[in-house]
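One structure below.
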Number of protein chains: 2
Amino acid sequence: MSQHRATIVDVAAKAGVSKSLVSLALRDRERVSSASYELIIAAIADLNYRPNAAARSLVDQRTNTIGIVVLDLHNPIFAQVLDGLLPVLRQRKMNSTIVTGNAVTEIEISEVSKLQELRVEGLVLLAHRMPASFIHQVAQGIPMVIVTRTDIRGNGISTVSNDDVYGAKLAVRHLIDLGHKRISHITGGANQISLNRLRGYEEEMSSHGLAEFIQTAEANFTDRGGFLAAQSLLETDSIHAERPTAIFVANDLSAFGAMAAVAEAGYRIPQDISVIGYDGISLGALKTISLTTVSQPLTAMGEIAAHALVELIKTPSHKPQHIRVEPELVVRGTTGRAPLIR
Amino acid sequence: MSQHRATIVDVAAKAGVSKSLVSLALRDRERVSSASYELIIAAIADLNYRPNAAARSLVDQRTNTIGIVVLDLHNPIFAQVLDGLLPVLRQRKMNSTIVTGNAVTEIEISEVSKLQELRVEGLVLLAHRMPASFIHQVAQGIPMVIVTRTDIRGNGISTVSNDDVYGAKLAVRHLIDLGHKRISHITGGANQISLNRLRGYEEEMSSHGLAEFIQTAEANFTDRGGFLAAQSLLETDSIHAERPTAIFVANDLSAFGAMAAVAEAGYRIPQDISVIGYDGISLGALKTISLTTVSQPLTAMGEIAAHALVELIKTPSHKPQHIRVEPELVVRGTTGRAPLIR
DNA sequence: CTCCCGTGTTGGAACGTTCCAACCAGTAGG
DNA sequence: CCTACTGGTTGGAACGTTCCAACACGGGAG
C-alpha cells in the first residue's frame, strides 16, 4: 500500500549506480554516459520516483517559488490580473502558489506567514487588508510587489497601480457632461483604493459646483454590498424626495449589485438612473449588461507586476519601482443623459 | 542587507540554549522553563526568525498541505466551491496551495507534477483537463478528490458531483413546459460534464418527441464561447428560417455570453428567445441578469470535498466515496412562454 | 614504462529542522 | 546515605537532496 515514497537512493540502488550520479543525470544528462542514463531513467519510471522539493530547496537555499495573495477570488479582476502574471512567471521557470484570505485580515496574515515559512522568493499582493507594519516587516525579508495599492512603500516594495483619483474624476466628469447633478457615490470601504476614488469623486463634484449633491453609501467591493448600498441611496430618496440621477460605484462588481437594486426599485437604467463602475471586468462588456466603466489594463498590470518582481529579486539593491498605468473611460449602455424632469 | 536568514541555531545561540530547546519551546511551550521561554521568544523576535518549512517537512515526513487545482479562475463557480473548501481545511489546520492551468492540459500536468514534488498530502481537482492515465498515476501516491467529474474513478479517488444528466433534463423539461419545441443547446466541449448535459438534453428532447429539433453548437464554458456559439445558432436561422425559441446553455458563464449575442441580434429575452443556464453562480441572481438556471450547491460541494479528502488521507485503506448532490431548477427571468407566432 | 588528461563516477558534507536517548540537578522516599 | 524519580535540558542522528573533491580507468604523449 503506502510503500515509502521512493527516494533518490532507491533509484540509485535499482539502477546500480550512486545517488550522486542519479542527481547529476536529472540535472545535466550530458554529463552521464548514455548507458547509465538509460538505467537511471528506467529505475525512475519503475519506482515512480519524484524528487522531493523540500530536500532540494533545503540544500539549494532557494525555492524558486513566488507567493500570490489574492484579496478575493470572487472578484474577476484578479483572474484578469493573473492572466498577465502567471504566464510571465511560468516563462521565467518560477513556480507560484496562490492563496487568499477572503478579505479577512487575520487569515491573510496567517497565509502570508505560511508563505514566509515556505521561503517564497517573492510576493505579489493583489490588493490586501493587512496593516502597513506587518507588510513592512515581511518586505524586510521578501521582495514584494503590491498591485492596486500604493500607500505602503518602502525598501523591497514595488507597486503597480492606476491613478484612482484621476479615474474617478473621469467617471464623474462623464456624468456631469451628460447633465447629471445629483450624482451619488457607492464606496468600497475604508481602504486606500476606495478613499482615492472617493476623493476623485468629491474633488470633481466640488470643482463643478456640485458639492451640495455629494452623497455616499458604503459598500465593500462585492455585488451584495453594492446592492445594499444602492438600496439605501434610493431609500434616502423617499425621505428627501430627491433621489440621485446617477451613481458612480467604486467597482464593477458592486455596480452589478447596484444595477440590480436600481432595477428592483423600479427605475430604468439609464433613462431614470445612470450607473458607472470602475475596473473594466470583461463581463461588463456583454451587451446584456453593457456597463459603462473606468477601465484599468488589468492583464497588462499583471505582466508589469511580474516583471517588476523578477527585477526586484534579481537585484535587491535596485530601487523599488512605482508604476502607474492610465485608466480609461469606456462608455457603454448604463449611462445616459440626465432625466429632464425635476 | 541580505543577511543570511536566521536559523534555529542562531536563535539558540542568541538565547544561550540548545537548538533542541528552541525547537521544543516552539512546539510545546509547557515543557520548557519560563525563564528559557522568555529568552527564546526574545531572540526569535530579535532575529525575525521563521521556521523553515522545507526542513521541517523533510524530517516530519509530512507537509500538512493539500493542493487545489482550479480549471479556470475566471469562472466564478470555483470561487464558490472554494468558499466551502478552504474554511474546512483551515479549521483542520491544513495548508492549501491553489494552482491553475487555465484549462490547458499541458500546464495542468506540469502544475500537478510540481505539487507532487512538494509532497502535498492530498489533491482537489475543481474540474480539469488531464487524461485519465495521468490522474490514475498521480492518485497512486496522493489521495484525491475530483469535484464535478465522475468519469475517472479508482483507488484513492473520491468524487463530488451533481447529476448532470438529470439537471439537463430539468432544464429542458422546464422549457418544454413553457411550450418550446425549437430548443437548441450550447455545449461546453468534449468533456464528461458537457457530454452528460448534452445527453440529458438529447434524451429529454427525444422522450418528448422533439428529436427533430435537436440542434447544438459547441462552446467551452466561457462567456466568449457562449457568445460565439449563440451567434452561430442564430445565423443558422437565416438559412433555415427556423431559429430556436429557447437555448439551453451548458453553464451560466456561457449563458451570459449567449444572452449578449441574442440581444445583439435584436431578439428580446425571454419574449423572443428563452435562455437557461447551468451552475447557479451568484451573479445570475441579480435582478438585472435574472438568469434561469439549474443550480448546484457549490459551496456545500466544497465542504463535502474537503471532508472526503480528509477522510481519504486519514484512512487510505478506506474505500473512496462518490457523492452525488441534487441539482435544482431555479426559475428566474430569462425563460418564458414560447412565442405563439411561427 | 611513466605521467597526464579526460571522462565517468563516487562518498561525504551540508542544508535546518525534529526527535530520541541520555544527562544533570534537585528532591523525596526508604 | 543511597536510590529513584522528575523537570529541564542537550548532542547527535535522520530526513532527501546537491555539490565538491577525489577516484578509477584507459589512452596518448613523453
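By convention in this document, the chains of the C-alpha cells carry letters A, B, ... by their order, each chain's residues are numbered from 1, and ligands are numbered from 1 in the order they are shown.
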
Find the residues of chain B that sit at most 6 Å from chain A; for each, write down the nearest two atoms and how far apart they are in Å, to one decimal. Count only C-alpha atoms. Sort by chain, then by number going up, and give it as a Markdown table.
| residue | atom | partner | partner_atom | distance |
| --- | --- | --- | --- | --- |
| B:Arg50 | CA | A:Glu117 | CA | 5.9 |
| B:Pro51 | CA | A:Glu117 | CA | 5.7 |
| B:Asn52 | CA | A:Glu117 | CA | 5.1 |
| B:Ala53 | CA | A:Leu118 | CA | 5.1 |
| B:Ala54 | CA | A:Ala54 | CA | 4.4 |
| B:Leu73 | CA | A:Ala79 | CA | 5.6 |
| B:His74 | CA | A:Ala79 | CA | 5.5 |
| B:Ala79 | CA | A:His74 | CA | 5.5 |
| B:Thr97 | CA | A:Thr97 | CA | 5.6 |
| B:Ile98 | CA | A:Ile98 | CA | 4.9 |
| B:Glu117 | CA | A:Asn52 | CA | 5.1 |
| B:Leu118 | CA | A:Ala53 | CA | 5.1 |
| B:Ala260 | CA | A:Lys287 | CA | 4.7 |
| B:Leu286 | CA | A:Ala260 | CA | 5.5 |
| B:Lys287 | CA | A:Ala260 | CA | 4.7 |
| B:Thr288 | CA | A:Ala260 | CA | 5.0 |

Name the residues in contact with stretch 1-9 of chain C at a cut-off of 10 Å, using only C-alpha atoms (C1' of nucleotides), excluding same-chain residues fewer than 3 positions from it; report them as an NGL selection string.
(:A and (17-18 or 20-21 or 31-33 or 36)) or (:D and (23-30))

Determine which residues of chain D sit within 7 Å of chain A, taking into account only C-alpha atoms (C1' of nucleotides), and present them as number ranges by chain.
D: 16-18

Same residues, C-alpha atoms (C1' of nucleotides), saved as a PDB file, in the first residue's frame:
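So result.pdb came out as:
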ATOM      1  C1'  DG D  16      16.408  13.603   0.765  1.00  0.00           C
ATOM      2  C1'  DT D  17      18.706  16.328  -1.830  1.00  0.00           C
ATOM      3  C1'  DT D  18      23.106  18.969  -4.213  1.00  0.00           C
TER       4       DT D  18
END

Could you please select, counting only C-alpha atoms (C1' of nucleotides), the residues of chain C within 7 Å of chain B and state them as a PyMOL selection string?
chain C and resi 16-18

Quick one: residues within 12 Å of D:DC5, only C-alpha atoms (C1' of nucleotides), excluding same-chain residues fewer than 4 positions away - as a PyMOL selection string?
chain C and resi 25-29

Could you pull out the strand (DSSP E) residues of stretch 36-281 of chain A, going by DSSP on the backbone, and write them as a PyMOL selection string?
chain A and resi 65-70+95-100+122-126+144-147+157-162+183-187+215-218+246-249+274-279

Extract the full set of alpha helix (DSSP H) residues from stretch 244-324 of chain A according to DSSP on the backbone, and format it as a PDB file with N, CA and C atoms, in the first residue's frame.
ATOM      1  N   ASP A 252     -16.754  47.556 -10.489  1.00  0.00           N
ATOM      2  CA  ASP A 252     -17.742  46.962 -11.383  1.00  0.00           C
ATOM      3  C   ASP A 252     -18.635  45.940 -10.679  1.00  0.00           C
ATOM      4  N   LEU A 253     -18.015  45.128  -9.848  1.00  0.00           N
ATOM      5  CA  LEU A 253     -18.798  44.080  -9.205  1.00  0.00           C
ATOM      6  C   LEU A 253     -19.912  44.700  -8.357  1.00  0.00           C
ATOM      7  N   SER A 254     -19.564  45.720  -7.595  1.00  0.00           N
ATOM      8  CA  SER A 254     -20.577  46.439  -6.824  1.00  0.00           C
ATOM      9  C   SER A 254     -21.588  47.099  -7.744  1.00  0.00           C
ATOM     10  N   ALA A 255     -21.112  47.553  -8.891  1.00  0.00           N
ATOM     11  CA  ALA A 255     -22.016  48.215  -9.837  1.00  0.00           C
ATOM     12  C   ALA A 255     -23.077  47.222 -10.309  1.00  0.00           C
ATOM     13  N   PHE A 256     -22.682  45.968 -10.506  1.00  0.00           N
ATOM     14  CA  PHE A 256     -23.674  44.949 -10.880  1.00  0.00           C
ATOM     15  C   PHE A 256     -24.770  44.883  -9.820  1.00  0.00           C
ATOM     16  N   GLY A 257     -24.329  44.856  -8.578  1.00  0.00           N
ATOM     17  CA  GLY A 257     -25.298  44.796  -7.494  1.00  0.00           C
ATOM     18  C   GLY A 257     -26.162  46.047  -7.454  1.00  0.00           C
ATOM     19  N   ALA A 258     -25.534  47.178  -7.659  1.00  0.00           N
ATOM     20  CA  ALA A 258     -26.267  48.446  -7.628  1.00  0.00           C
ATOM     21  C   ALA A 258     -27.319  48.476  -8.735  1.00  0.00           C
ATOM     22  N   MET A 259     -26.929  47.979  -9.911  1.00  0.00           N
ATOM     23  CA  MET A 259     -27.874  47.953 -11.021  1.00  0.00           C
ATOM     24  C   MET A 259     -29.097  47.113 -10.665  1.00  0.00           C
ATOM     25  N   ALA A 260     -28.834  46.021 -10.000  1.00  0.00           N
ATOM     26  CA  ALA A 260     -29.942  45.149  -9.623  1.00  0.00           C
ATOM     27  C   ALA A 260     -30.878  45.863  -8.663  1.00  0.00           C
ATOM     28  N   ALA A 261     -30.300  46.593  -7.714  1.00  0.00           N
ATOM     29  CA  ALA A 261     -31.131  47.319  -6.744  1.00  0.00           C
ATOM     30  C   ALA A 261     -31.938  48.404  -7.439  1.00  0.00           C
ATOM     31  N   VAL A 262     -31.306  49.085  -8.366  1.00  0.00           N
ATOM     32  CA  VAL A 262     -31.999  50.140  -9.106  1.00  0.00           C
ATOM     33  C   VAL A 262     -33.176  49.533  -9.860  1.00  0.00           C
ATOM     34  N   ALA A 263     -32.920  48.413 -10.513  1.00  0.00           N
ATOM     35  CA  ALA A 263     -33.978  47.761 -11.282  1.00  0.00           C
ATOM     36  C   ALA A 263     -35.101  47.296 -10.361  1.00  0.00           C
ATOM     37  N   GLU A 264     -34.736  46.728  -9.228  1.00  0.00           N
ATOM     38  CA  GLU A 264     -35.761  46.240  -8.297  1.00  0.00           C
ATOM     39  C   GLU A 264     -36.612  47.372  -7.758  1.00  0.00           C
ATOM     40  N   LEU A 298      -5.966  45.517 -16.738  1.00  0.00           N
ATOM     41  CA  LEU A 298      -5.667  44.548 -15.690  1.00  0.00           C
ATOM     42  C   LEU A 298      -4.608  43.514 -16.072  1.00  0.00           C
ATOM     43  N   THR A 299      -4.760  42.944 -17.262  1.00  0.00           N
ATOM     44  CA  THR A 299      -3.803  41.911 -17.657  1.00  0.00           C
ATOM     45  C   THR A 299      -2.406  42.495 -17.823  1.00  0.00           C
ATOM     46  N   ALA A 300      -2.350  43.665 -18.409  1.00  0.00           N
ATOM     47  CA  ALA A 300      -1.047  44.330 -18.543  1.00  0.00           C
ATOM     48  C   ALA A 300      -0.450  44.601 -17.172  1.00  0.00           C
ATOM     49  N   MET A 301      -1.298  44.969 -16.225  1.00  0.00           N
ATOM     50  CA  MET A 301      -0.802  45.226 -14.875  1.00  0.00           C
ATOM     51  C   MET A 301      -0.199  43.967 -14.269  1.00  0.00           C
ATOM     52  N   GLY A 302      -0.789  42.830 -14.592  1.00  0.00           N
ATOM     53  CA  GLY A 302      -0.242  41.562 -14.116  1.00  0.00           C
ATOM     54  C   GLY A 302       1.136  41.302 -14.691  1.00  0.00           C
ATOM     55  N   GLU A 303       1.272  41.557 -15.971  1.00  0.00           N
ATOM     56  CA  GLU A 303       2.581  41.352 -16.612  1.00  0.00           C
ATOM     57  C   GLU A 303       3.622  42.280 -16.003  1.00  0.00           C
ATOM     58  N   ILE A 304       3.232  43.524 -15.856  1.00  0.00           N
ATOM     59  CA  ILE A 304       4.157  44.512 -15.298  1.00  0.00           C
ATOM     60  C   ILE A 304       4.576  44.102 -13.889  1.00  0.00           C
ATOM     61  N   ALA A 305       3.613  43.646 -13.124  1.00  0.00           N
ATOM     62  CA  ALA A 305       3.920  43.233 -11.754  1.00  0.00           C
ATOM     63  C   ALA A 305       4.930  42.093 -11.756  1.00  0.00           C
ATOM     64  N   ALA A 306       4.728  41.143 -12.651  1.00  0.00           N
ATOM     65  CA  ALA A 306       5.646  40.007 -12.717  1.00  0.00           C
ATOM     66  C   ALA A 306       7.055  40.475 -13.043  1.00  0.00           C
ATOM     67  N   HIS A 307       7.152  41.339 -14.019  1.00  0.00           N
ATOM     68  CA  HIS A 307       8.485  41.824 -14.384  1.00  0.00           C
ATOM     69  C   HIS A 307       9.120  42.631 -13.256  1.00  0.00           C
ATOM     70  N   ALA A 308       8.316  43.430 -12.605  1.00  0.00           N
ATOM     71  CA  ALA A 308       8.844  44.228 -11.500  1.00  0.00           C
ATOM     72  C   ALA A 308       9.367  43.321 -10.387  1.00  0.00           C
ATOM     73  N   LEU A 309       8.651  42.232 -10.149  1.00  0.00           N
ATOM     74  CA  LEU A 309       9.073  41.327  -9.077  1.00  0.00           C
ATOM     75  C   LEU A 309      10.369  40.621  -9.451  1.00  0.00           C
ATOM     76  N   VAL A 310      10.424  40.138 -10.676  1.00  0.00           N
ATOM     77  CA  VAL A 310      11.636  39.464 -11.144  1.00  0.00           C
ATOM     78  C   VAL A 310      12.832  40.397 -10.987  1.00  0.00           C
ATOM     79  N   GLU A 311      12.629  41.614 -11.378  1.00  0.00           N
ATOM     80  CA  GLU A 311      13.664  42.641 -11.256  1.00  0.00           C
ATOM     81  C   GLU A 311      14.142  42.780  -9.808  1.00  0.00           C
ATOM     82  N   LEU A 312      13.177  42.875  -8.934  1.00  0.00           N
ATOM     83  CA  LEU A 312      13.451  43.083  -7.515  1.00  0.00           C
ATOM     84  C   LEU A 312      14.195  41.884  -6.913  1.00  0.00           C
ATOM     85  N   ILE A 313      13.859  40.703  -7.394  1.00  0.00           N
ATOM     86  CA  ILE A 313      14.518  39.503  -6.887  1.00  0.00           C
ATOM     87  C   ILE A 313      15.946  39.424  -7.405  1.00  0.00           C
ATOM     88  N   LYS A 314      16.099  39.767  -8.677  1.00  0.00           N
ATOM     89  CA  LYS A 314      17.413  39.659  -9.307  1.00  0.00           C
ATOM     90  C   LYS A 314      18.406  40.619  -8.663  1.00  0.00           C
TER      91      LYS A 314
END

Residue neighbourhood A:Thr216, 9 Å, only C-alpha atoms (C1' of nucleotides), exclusion window fewer than 5 positions, as a list in words
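In the requested form, the answer reads Ser184, His185, Ile186, Thr187, Leu198, Ala229 and Leu233 of chain A.
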
With only C-alpha atoms (C1' of nucleotides) as the basis for distance, which of D:DC20, D:DA4, D:DC15, D:DT10 is at the shortest distance from C:DA22?
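So, comparing all the options, the nearest one is D:DT10.
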
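Within the 12 Å cut-off around A:Arg243, using only C-alpha atoms (C1' of nucleotides) and omitting residues fewer than 6 positions from it on the same chain, the listed residues are His180, Lys181, Arg182, Ile183, Ser184, Phe213, Ile214, Gln215, Ala230, Gln231, Ser232, Leu233, Leu234, Glu235, Thr236, Asp237, Val262, Ala265, Tyr267, Asp272, Ile273, Ser274, Pro339 and Arg342 of chain A.
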
Computed gap from atom C1' of C:DC24 to atom C1' of D:DC2 is 17.5 Å

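Taking atom CA of A:Val294 and atom CA of A:Leu125 as endpoints, the distance between them is 21.9 Å.
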